[in-house]
Amino acid sequence: MIRINYHRKKITSSMKSKPSYKNLEEIFIDSENISGLDVDQMQNVMNSKLPSFPRAIVFSIMILFLLGIGVKLYNLQVKGGEKYMTIAEKNRLASTPLWGQRGTLLDRNGKLLAWNSTVTGNEDFPRRTYIEKPGFSMLGYIEYPKKDKKGQLWQKELKGYEGLEKTYNELLRGENGSIYKEVDSTGKEIGTQTVVPPKNGSNVITSVDANMQSALFNALSTSMNDGGYQGAAGIIMDIQTGEVLAMTSAPEFSPQVFSDRTDVAAIRDYFNDKRKPFLNRVTSGLYSPGSTIKPFIALAALNEGTVTADTTVDSTGAIEIPNRYNPDKPSIYRDWKKGGHGVTNVTKALAESVNTYFYAIGGGYKNIKGIGIKNIEKYTAGFGLASETGISFMDEKKGNLPTPSWKQKLFKENWWLGDTYITSIGQYGFQVTPIQLARGIGGIANGGHLVTPVILKGEQGAKSDVFDIDPHAYEVIRDGMRQTVLSGTAWVLNLSQVNIAAKTGTAQVGTDKTRINSWVTGFFPYENPRYSFALVLESAPKTTTVTASWAMRQFLKQSFIDSPDFWGIQKNNSGVADLPSDAPGSGIELIE
């Protein structure tokens, strides 16, 4: 007991100061525990246990650390293994794109409208080339692949914008391929090439006739400039299939300029042009239809029994209705022809565009009841006016039909008889697009079938039938439109090569009524209707003598030369199609 206590005391005292050893032998002797002390008991005396709370913290930290390493390894090797392997492969493989050829755009006869130029070298993408003839802004344009400041491609496809390039981009664009070269860390090629072949896009054959398209644009553009108009538009469509043979708007932009983006001055001029060269006036230009609405009003009157083909109105140049607020000053609604047209039936009313006749059958006058504004809305809407046609490749504007509810909402005013009169001649808030009018007139020509316009060759537009209308009423209206060409306001279209039926229109525009829009619409051939058309010249001084009928004549003359097979025209011995001679005088039809 004395020995044990002695050592405890000695050990305890040694804890108060640093141990001192004279030499290494003392250290080894002490480590041998020669004295045989209870070492375990000595450890309990010399050391204290670490508290449980700090031990738990240390243990938790170690567990979390190990879990973090495990999660990271899982993400790298299991979850993201394929991804990081791909990245590693890309770091090891240098990629060069092989450009897939964008599909070409062609007209209905196989003529190229947009195609790819030949390129050399794998790093140059193909350039887009467009037909040089004017009138093809409907094609749209493309945007080329883009590179960053280091020359690395970040957009690797040719993308279509606007028109056909945008609408059929998925068909046209194809898929790019690649050439892979194995390289070392310095970029030096060390291995063989691996090639992933590109896939070319599909060609798109349109319903458009390139010659007719160009001829229509030239006729519209010339008439626009000669007559002082701000814009023009025209469309020719198949009333059986809906195929669009020509559709153009002036002024226009160049697809080539907008694809190349090198002619900065030209692009700036487009944006600064107040005549809106980017507006497709065929589908998005809204215009008062003027007298081109009269075939629909006359058809409604015949079908509703308001008049017959033999009913007449004595046109004296104006009609008067009492003014309830001022009996001494009756409301007067004038005809375009001073003195009137005399005794007029429906055929003559269409041929000479007799306003007073349409006042009477629209709103009623004397012994004629009139169809009223509800029937005007019913029949014009029934033929698709002021509603979208459903054409797939361009944005469309809807338009407007004047109605009592429309007037009340817009002006907070009641509807009056005079409002019906003005609506009956296509004014007073009436707004339609050229494509709507061409489709509606096509419905009259083919006996009540509305066809959705389409832009691909061989495509069949959806058909919908107008409500039941007496077939005889259609015959009377078609005859009236033919008389418009033979002896009426569209006499400049009386050509030997094709029998055309038409209706002209002149609509006053602007708050001061000093400017006009000029229209012509119709169908051909008269005996077996197959195609309809609508042309409009936009906003010229009312003193102009150039009209849409004159533009249509110029189109026909050029088309007879460029597309004789379409018209069934035989060429003469010199290889040139025989052309109609211009009529004496200015060749301008009457302004209605």
# chains A, B, ... in the order shown; residues from 1 in each chain; ligands from 1
call {"tool": "select_by_dssp", "arguments": {"residues": "region 102-350 of chain A", "states": "alpha helix (DSSP H)", "output": "ChimeraX atom specification"}}
result
/A:163-167,169-172,210-227,255-260,264-272,281-284,294-303,346-350
call {"tool": "residues_around", "arguments": {"residues": "Gly448 (chain A)", "least_positions_apart": "4", "cutoff": "8 Å", "atoms": "only C-alpha atoms", "output": "number ranges by chain"}}
result
A: 443-444, 465-467, 469
call {"tool": "write_last_selection", "arguments": {"atoms": "C-alpha atoms", "output": "PDB file, in the first residue's frame"}}
result
ATOM      1  CA  GLY A 443     -68.748  31.790-104.276  1.00  0.00           C
ATOM      2  CA  ILE A 444     -71.105  33.658-106.602  1.00  0.00           C
ATOM      3  CA  ASP A 465     -71.580  25.925 -98.698  1.00  0.00           C
ATOM      4  CA  VAL A 466     -73.499  29.155 -98.392  1.00  0.00           C
ATOM      5  CA  PHE A 467     -77.094  28.805 -97.176  1.00  0.00           C
ATOM      6  CA  ILE A 469     -79.995  30.435-102.590  1.00  0.00           C
TER       7      ILE A 469
END
call {"tool": "closest_atom_pairs", "arguments": {"of": "region 417-519 of chain A", "to": "region 530-545 of chain A", "cutoff": "7 Å", "atoms": "only C-alpha atoms", "output": "JSON lines"}}
result
{"residue": "A:Pro434", "atom": "CA", "partner": "A:Ala534", "partner_atom": "CA", "distance": 5.6}
{"residue": "A:Leu437", "atom": "CA", "partner": "A:Ala534", "partner_atom": "CA", "distance": 6.5}
{"residue": "A:Ala438", "atom": "CA", "partner": "A:Ala534", "partner_atom": "CA", "distance": 5.2}
{"residue": "A:Ile441", "atom": "CA", "partner": "A:Ser532", "partner_atom": "CA", "distance": 6.7}
{"residue": "A:Gly442", "atom": "CA", "partner": "A:Ser532", "partner_atom": "CA", "distance": 5.4}
{"residue": "A:Thr514", "atom": "CA", "partner": "A:Lys542", "partner_atom": "CA", "distance": 5.7}
{"residue": "A:Arg515", "atom": "CA", "partner": "A:Pro541", "partner_atom": "CA", "distance": 4.4}
{"residue": "A:Ile516", "atom": "CA", "partner": "A:Ser539", "partner_atom": "CA", "distance": 5.1}
{"residue": "A:Asn517", "atom": "CA", "partner": "A:Glu538", "partner_atom": "CA", "distance": 4.8}
{"residue": "A:Ser518", "atom": "CA", "partner": "A:Leu537", "partner_atom": "CA", "distance": 5.1}
{"residue": "A:Trp519", "atom": "CA", "partner": "A:Val536", "partner_atom": "CA", "distance": 4.5}
call {"tool": "write_last_selection", "arguments": {"atoms": "C-alpha atoms", "output": "PDB file, in the first residue's frame"}}
result
ATOM      1  CA  PRO A 434     -58.830  41.578-101.233  1.00  0.00           C
ATOM      2  CA  LEU A 437     -63.562  39.615-101.782  1.00  0.00           C
ATOM      3  CA  ALA A 438     -61.938  37.183-104.250  1.00  0.00           C
ATOM      4  CA  ILE A 441     -67.007  36.519-105.637  1.00  0.00           C
ATOM      5  CA  GLY A 442     -65.766  32.993-106.292  1.00  0.00           C
ATOM      6  CA  THR A 514     -60.765  63.860-101.208  1.00  0.00           C
ATOM      7  CA  ARG A 515     -59.080  60.500-101.851  1.00  0.00           C
ATOM      8  CA  ILE A 516     -60.336  57.203-103.260  1.00  0.00           C
ATOM      9  CA  ASN A 517     -59.625  53.504-103.404  1.00  0.00           C
ATOM     10  CA  SER A 518     -60.241  51.819-106.747  1.00  0.00           C
ATOM     11  CA  TRP A 519     -61.414  48.200-106.999  1.00  0.00           C
TER      12      TRP A 519
END
call {"tool": "select_by_dssp", "arguments": {"residues": "region 405-506 of chain A", "states": "strand (DSSP E)", "output": "PyMOL selection string"}}
result
chain A and resi 449-451+463-465+501-506
call {"tool": "write_last_selection", "arguments": {"atoms": "N, CA, C and O atoms", "output": "mmCIF file, in the first residue's frame"}}
result
data_model
loop_
_atom_site.group_PDB
_atom_site.id
_atom_site.type_symbol
_atom_site.label_atom_id
_atom_site.label_comp_id
_atom_site.auth_asym_id
_atom_site.auth_seq_id
_atom_site.Cartn_x
_atom_site.Cartn_y
_atom_site.Cartn_z
ATOM 1 N N HIS A 449 -70.293 27.951 -103.247
ATOM 2 C CA HIS A 449 -69.289 27.165 -102.543
ATOM 3 C C HIS A 449 -68.101 28.061 -102.178
ATOM 4 O O HIS A 449 -67.440 28.606 -103.070
ATOM 5 N N LEU A 450 -67.843 28.207 -100.900
ATOM 6 C CA LEU A 450 -66.690 28.981 -100.450
ATOM 7 C C LEU A 450 -65.525 28.032 -100.241
ATOM 8 O O LEU A 450 -65.654 27.018 -99.541
ATOM 9 N N VAL A 451 -64.392 28.353 -100.855
ATOM 10 C CA VAL A 451 -63.214 27.499 -100.786
ATOM 11 C C VAL A 451 -62.098 28.245 -100.059
ATOM 12 O O VAL A 451 -61.826 29.413 -100.353
ATOM 13 N N LYS A 463 -63.943 23.276 -98.187
ATOM 14 C CA LYS A 463 -65.128 23.873 -98.798
ATOM 15 C C LYS A 463 -66.256 23.999 -97.779
ATOM 16 O O LYS A 463 -66.431 23.153 -96.913
ATOM 17 N N SER A 464 -66.998 25.075 -97.900
ATOM 18 C CA SER A 464 -68.218 25.250 -97.109
ATOM 19 C C SER A 464 -69.268 25.862 -98.019
ATOM 20 O O SER A 464 -68.949 26.690 -98.881
ATOM 21 N N ASP A 465 -70.503 25.449 -97.835
ATOM 22 C CA ASP A 465 -71.580 25.925 -98.698
ATOM 23 C C ASP A 465 -72.326 27.072 -98.031
ATOM 24 O O ASP A 465 -72.610 27.051 -96.826
ATOM 25 N N ALA A 501 -66.153 38.308 -116.390
ATOM 26 C CA ALA A 501 -67.256 38.968 -115.692
ATOM 27 C C ALA A 501 -66.651 39.745 -114.533
ATOM 28 O O ALA A 501 -65.748 39.253 -113.858
ATOM 29 N N ALA A 502 -67.133 40.960 -114.295
ATOM 30 C CA ALA A 502 -66.444 41.814 -113.324
ATOM 31 C C ALA A 502 -67.409 42.770 -112.631
ATOM 32 O O ALA A 502 -68.558 42.954 -113.063
ATOM 33 N N LYS A 503 -66.905 43.367 -111.581
ATOM 34 C CA LYS A 503 -67.595 44.473 -110.909
ATOM 35 C C LYS A 503 -66.545 45.438 -110.407
ATOM 36 O O LYS A 503 -65.571 45.042 -109.757
ATOM 37 N N THR A 504 -66.736 46.714 -110.740
ATOM 38 C CA THR A 504 -65.812 47.747 -110.302
ATOM 39 C C THR A 504 -66.318 48.405 -109.026
ATOM 40 O O THR A 504 -67.466 48.229 -108.617
ATOM 41 N N GLY A 505 -65.442 49.166 -108.399
ATOM 42 C CA GLY A 505 -65.834 49.896 -107.192
ATOM 43 C C GLY A 505 -64.907 51.060 -106.936
ATOM 44 O O GLY A 505 -63.697 50.962 -107.183
ATOM 45 N N THR A 506 -65.489 52.163 -106.473
ATOM 46 C CA THR A 506 -64.702 53.323 -106.071
ATOM 47 C C THR A 506 -65.192 53.762 -104.709
ATOM 48 O O THR A 506 -66.374 54.085 -104.547
#
call {"tool": "residues_around", "arguments": {"residues": "Lys366 (chain A)", "least_positions_apart": "4", "cutoff": "12 Å", "atoms": "only C-alpha atoms", "output": "mmCIF file with N, CA and C atoms, in the first residue's frame"}}
result
data_model
loop_
_atom_site.group_PDB
_atom_site.id
_atom_site.type_symbol
_atom_site.label_atom_id
_atom_site.label_comp_id
_atom_site.auth_asym_id
_atom_site.auth_seq_id
_atom_site.Cartn_x
_atom_site.Cartn_y
_atom_site.Cartn_z
ATOM 1 N N THR A 312 -87.959 47.224 -111.936
ATOM 2 C CA THR A 312 -87.205 48.402 -112.356
ATOM 3 C C THR A 312 -87.354 49.544 -111.355
ATOM 4 N N VAL A 313 -86.351 50.392 -111.367
ATOM 5 C CA VAL A 313 -86.339 51.628 -110.592
ATOM 6 C C VAL A 313 -85.935 52.744 -111.546
ATOM 7 N N ASP A 314 -86.652 53.876 -111.468
ATOM 8 C CA ASP A 314 -86.310 55.009 -112.319
ATOM 9 C C ASP A 314 -85.202 55.809 -111.635
ATOM 10 N N ILE A 319 -82.154 60.114 -104.620
ATOM 11 C CA ILE A 319 -83.422 59.866 -103.947
ATOM 12 C C ILE A 319 -83.484 60.758 -102.713
ATOM 13 N N GLU A 320 -84.729 61.118 -102.343
ATOM 14 C CA GLU A 320 -84.933 61.983 -101.191
ATOM 15 C C GLU A 320 -85.805 61.264 -100.175
ATOM 16 N N ILE A 321 -85.491 61.419 -98.915
ATOM 17 C CA ILE A 321 -86.331 60.911 -97.837
ATOM 18 C C ILE A 321 -86.581 62.044 -96.856
ATOM 19 N N TYR A 357 -80.450 52.530 -107.365
ATOM 20 C CA TYR A 357 -81.099 51.222 -107.372
ATOM 21 C C TYR A 357 -80.770 50.461 -106.092
ATOM 22 N N TYR A 359 -79.740 51.781 -103.207
ATOM 23 C CA TYR A 359 -80.379 52.418 -102.060
ATOM 24 C C TYR A 359 -81.765 51.815 -101.855
ATOM 25 N N ALA A 360 -82.496 51.671 -102.989
ATOM 26 C CA ALA A 360 -83.877 51.198 -102.925
ATOM 27 C C ALA A 360 -83.968 49.752 -102.463
ATOM 28 N N ILE A 361 -83.141 48.857 -103.048
ATOM 29 C CA ILE A 361 -83.266 47.444 -102.660
ATOM 30 C C ILE A 361 -82.609 47.170 -101.313
ATOM 31 N N GLY A 370 -87.132 46.792 -99.631
ATOM 32 C CA GLY A 370 -85.731 46.758 -99.211
ATOM 33 C C GLY A 370 -85.440 45.566 -98.310
#
call {"tool": "residues_around", "arguments": {"residues": "Gln460 (chain A)", "least_positions_apart": "6", "cutoff": "12 Å", "atoms": "only C-alpha atoms", "output": "PDB file with all heavy atoms, in the first residue's frame"}}
result
ATOM      1  N   SER A 207     -48.527  26.787-105.428  1.00  0.00           N
ATOM      2  CA  SER A 207     -49.578  26.886-106.449  1.00  0.00           C
ATOM      3  C   SER A 207     -49.386  28.100-107.341  1.00  0.00           C
ATOM      4  O   SER A 207     -50.097  28.276-108.326  1.00  0.00           O
ATOM      5  CB  SER A 207     -50.944  26.966-105.770  1.00  0.00           C
ATOM      6  OG  SER A 207     -51.008  28.115-104.924  1.00  0.00           O
ATOM      7  N   ASP A 238     -58.060  29.909-107.761  1.00  0.00           N
ATOM      8  CA  ASP A 238     -58.898  28.862-108.337  1.00  0.00           C
ATOM      9  C   ASP A 238     -60.107  28.678-107.430  1.00  0.00           C
ATOM     10  O   ASP A 238     -59.961  28.342-106.246  1.00  0.00           O
ATOM     11  CB  ASP A 238     -58.086  27.561-108.439  1.00  0.00           C
ATOM     12  CG  ASP A 238     -58.799  26.469-109.206  1.00  0.00           C
ATOM     13  OD1 ASP A 238     -60.014  26.294-109.008  1.00  0.00           O
ATOM     14  OD2 ASP A 238     -58.135  25.762-109.991  1.00  0.00           O
ATOM     15  N   ILE A 239     -61.313  28.881-107.964  1.00  0.00           N
ATOM     16  CA  ILE A 239     -62.516  28.828-107.128  1.00  0.00           C
ATOM     17  C   ILE A 239     -63.024  27.407-106.923  1.00  0.00           C
ATOM     18  O   ILE A 239     -64.003  27.187-106.206  1.00  0.00           O
ATOM     19  CB  ILE A 239     -63.635  29.707-107.708  1.00  0.00           C
ATOM     20  CG1 ILE A 239     -64.063  29.197-109.090  1.00  0.00           C
ATOM     21  CG2 ILE A 239     -63.187  31.157-107.767  1.00  0.00           C
ATOM     22  CD1 ILE A 239     -65.245  29.950-109.689  1.00  0.00           C
ATOM     23  N   GLN A 240     -62.351  26.421-107.524  1.00  0.00           N
ATOM     24  CA  GLN A 240     -62.700  25.023-107.305  1.00  0.00           C
ATOM     25  C   GLN A 240     -61.795  24.382-106.252  1.00  0.00           C
ATOM     26  O   GLN A 240     -62.265  23.633-105.393  1.00  0.00           O
ATOM     27  CB  GLN A 240     -62.615  24.236-108.623  1.00  0.00           C
ATOM     28  CG  GLN A 240     -63.508  24.771-109.730  1.00  0.00           C
ATOM     29  CD  GLN A 240     -64.987  24.681-109.400  1.00  0.00           C
ATOM     30  OE1 GLN A 240     -65.410  23.825-108.623  1.00  0.00           O
ATOM     31  NE2 GLN A 240     -65.769  25.572-109.983  1.00  0.00           N
ATOM     32  N   THR A 241     -60.502  24.684-106.309  1.00  0.00           N
ATOM     33  CA  THR A 241     -59.537  24.068-105.389  1.00  0.00           C
ATOM     34  C   THR A 241     -59.054  25.009-104.291  1.00  0.00           C
ATOM     35  O   THR A 241     -58.557  24.558-103.272  1.00  0.00           O
ATOM     36  CB  THR A 241     -58.305  23.559-106.156  1.00  0.00           C
ATOM     37  OG1 THR A 241     -57.586  24.691-106.681  1.00  0.00           O
ATOM     38  CG2 THR A 241     -58.717  22.642-107.299  1.00  0.00           C
ATOM     39  N   GLY A 242     -59.148  26.312-104.532  1.00  0.00           N
ATOM     40  CA  GLY A 242     -58.603  27.296-103.596  1.00  0.00           C
ATOM     41  C   GLY A 242     -57.160  27.671-103.877  1.00  0.00           C
ATOM     42  O   GLY A 242     -56.597  28.541-103.196  1.00  0.00           O
ATOM     43  N   GLU A 243     -56.525  27.038-104.879  1.00  0.00           N
ATOM     44  CA  GLU A 243     -55.131  27.337-105.175  1.00  0.00           C
ATOM     45  C   GLU A 243     -54.955  28.797-105.611  1.00  0.00           C
ATOM     46  O   GLU A 243     -55.687  29.285-106.461  1.00  0.00           O
ATOM     47  CB  GLU A 243     -54.612  26.410-106.267  1.00  0.00           C
ATOM     48  CG  GLU A 243     -54.447  24.966-105.834  1.00  0.00           C
ATOM     49  CD  GLU A 243     -54.001  24.079-106.972  1.00  0.00           C
ATOM     50  OE1 GLU A 243     -54.853  23.757-107.826  1.00  0.00           O
ATOM     51  OE2 GLU A 243     -52.808  23.722-107.030  1.00  0.00           O
ATOM     52  N   VAL A 244     -53.962  29.458-105.009  1.00  0.00           N
ATOM     53  CA  VAL A 244     -53.655  30.840-105.349  1.00  0.00           C
ATOM     54  C   VAL A 244     -52.637  30.849-106.483  1.00  0.00           C
ATOM     55  O   VAL A 244     -51.520  30.352-106.329  1.00  0.00           O
ATOM     56  CB  VAL A 244     -53.104  31.596-104.131  1.00  0.00           C
ATOM     57  CG1 VAL A 244     -52.637  32.992-104.526  1.00  0.00           C
ATOM     58  CG2 VAL A 244     -54.165  31.678-103.034  1.00  0.00           C
ATOM     59  N   ILE A 391     -56.591  31.034 -94.915  1.00  0.00           N
ATOM     60  CA  ILE A 391     -55.330  30.758 -95.603  1.00  0.00           C
ATOM     61  C   ILE A 391     -54.228  30.582 -94.572  1.00  0.00           C
ATOM     62  O   ILE A 391     -54.163  31.305 -93.582  1.00  0.00           O
ATOM     63  CB  ILE A 391     -54.984  31.869 -96.617  1.00  0.00           C
ATOM     64  CG1 ILE A 391     -53.813  31.432 -97.498  1.00  0.00           C
ATOM     65  CG2 ILE A 391     -54.736  33.198 -95.927  1.00  0.00           C
ATOM     66  CD1 ILE A 391     -53.586  32.340 -98.697  1.00  0.00           C
ATOM     67  N   VAL A 451     -64.392  28.353-100.855  1.00  0.00           N
ATOM     68  CA  VAL A 451     -63.214  27.499-100.786  1.00  0.00           C
ATOM     69  C   VAL A 451     -62.098  28.245-100.059  1.00  0.00           C
ATOM     70  O   VAL A 451     -61.826  29.413-100.353  1.00  0.00           O
ATOM     71  CB  VAL A 451     -62.724  27.090-102.195  1.00  0.00           C
ATOM     72  CG1 VAL A 451     -61.581  26.083-102.095  1.00  0.00           C
ATOM     73  CG2 VAL A 451     -63.875  26.507-102.999  1.00  0.00           C
ATOM     74  N   THR A 452     -61.463  27.569 -99.118  1.00  0.00           N
ATOM     75  CA  THR A 452     -60.342  28.172 -98.402  1.00  0.00           C
ATOM     76  C   THR A 452     -59.143  28.306 -99.327  1.00  0.00           C
ATOM     77  O   THR A 452     -58.725  27.323 -99.941  1.00  0.00           O
ATOM     78  CB  THR A 452     -59.946  27.310 -97.190  1.00  0.00           C
ATOM     79  OG1 THR A 452     -61.071  27.211 -96.306  1.00  0.00           O
ATOM     80  CG2 THR A 452     -58.773  27.921 -96.441  1.00  0.00           C
ATOM     81  N   PRO A 453     -58.571  29.502 -99.449  1.00  0.00           N
ATOM     82  CA  PRO A 453     -57.389  29.664-100.309  1.00  0.00           C
ATOM     83  C   PRO A 453     -56.205  28.860 -99.775  1.00  0.00           C
ATOM     84  O   PRO A 453     -55.974  28.792 -98.565  1.00  0.00           O
ATOM     85  CB  PRO A 453     -57.102  31.167-100.226  1.00  0.00           C
ATOM     86  CG  PRO A 453     -58.382  31.795 -99.783  1.00  0.00           C
ATOM     87  CD  PRO A 453     -59.020  30.784 -98.887  1.00  0.00           C
ATOM     88  N   VAL A 454     -55.457  28.238-100.691  1.00  0.00           N
ATOM     89  CA  VAL A 454     -54.265  27.459-100.332  1.00  0.00           C
ATOM     90  C   VAL A 454     -53.113  27.895-101.227  1.00  0.00           C
ATOM     91  O   VAL A 454     -53.320  28.473-102.298  1.00  0.00           O
ATOM     92  CB  VAL A 454     -54.505  25.939-100.460  1.00  0.00           C
ATOM     93  CG1 VAL A 454     -55.532  25.466 -99.451  1.00  0.00           C
ATOM     94  CG2 VAL A 454     -54.948  25.585-101.887  1.00  0.00           C
TER      95      VAL A 454
END
call {"tool": "atom_distance", "arguments": {"atom1": "CA of Phe217 (chain A)", "atom2": "CA of Thr380 (chain A)"}}
result
28.4 Å
call {"tool": "closest_residue", "arguments": {"among": "A:Pro97, A:Gly340, A:Gly382, A:Gly68", "to": "Asp468 (chain A)", "atoms": "only C-alpha atoms"}}
result
A:Gly382
call {"tool": "residues_around", "arguments": {"residues": "Ser405 (chain A)", "least_positions_apart": "6", "cutoff": "10 Å", "atoms": "only C-alpha atoms", "output": "list in words"}}
result
Phe411, Lys412, Glu413, Asn414 and Trp415 of chain A
call {"tool": "write_last_selection", "arguments": {"atoms": "C-alpha atoms", "output": "mmCIF file, in the first residue's frame"}}
result
data_model
loop_
_atom_site.group_PDB
_atom_site.id
_atom_site.type_symbol
_atom_site.label_atom_id
_atom_site.label_comp_id
_atom_site.auth_asym_id
_atom_site.auth_seq_id
_atom_site.Cartn_x
_atom_site.Cartn_y
_atom_site.Cartn_z
ATOM 1 C CA PHE A 411 -70.642 56.104 -81.726
ATOM 2 C CA LYS A 412 -73.322 55.636 -79.049
ATOM 3 C CA GLU A 413 -75.940 56.461 -81.708
ATOM 4 C CA ASN A 414 -79.028 54.788 -83.161
ATOM 5 C CA TRP A 415 -79.123 53.293 -86.639
#
call {"tool": "residues_around", "arguments": {"residues": "Val546 (chain A)", "least_positions_apart": "3", "cutoff": "8 Å", "atoms": "only C-alpha atoms", "output": "PDB file with C-alpha atoms, in the first residue's frame"}}
result
ATOM      1  CA  SER A 223     -50.868  51.771-112.054  1.00  0.00           C
ATOM      2  CA  ASP A 226     -49.147  56.503-112.596  1.00  0.00           C
ATOM      3  CA  GLY A 227     -52.327  57.154-110.635  1.00  0.00           C
ATOM      4  CA  TRP A 550     -56.880  49.366-116.066  1.00  0.00           C
ATOM      5  CA  ILE A 588     -60.245  54.154-118.241  1.00  0.00           C
TER       6      ILE A 588
END
call {"tool": "closest_residue", "arguments": {"among": "A:Leu164, A:Val343, A:Leu385, A:Ala250", "to": "Gly426 (chain A)", "atoms": "only C-alpha atoms"}}
result
A:Leu385
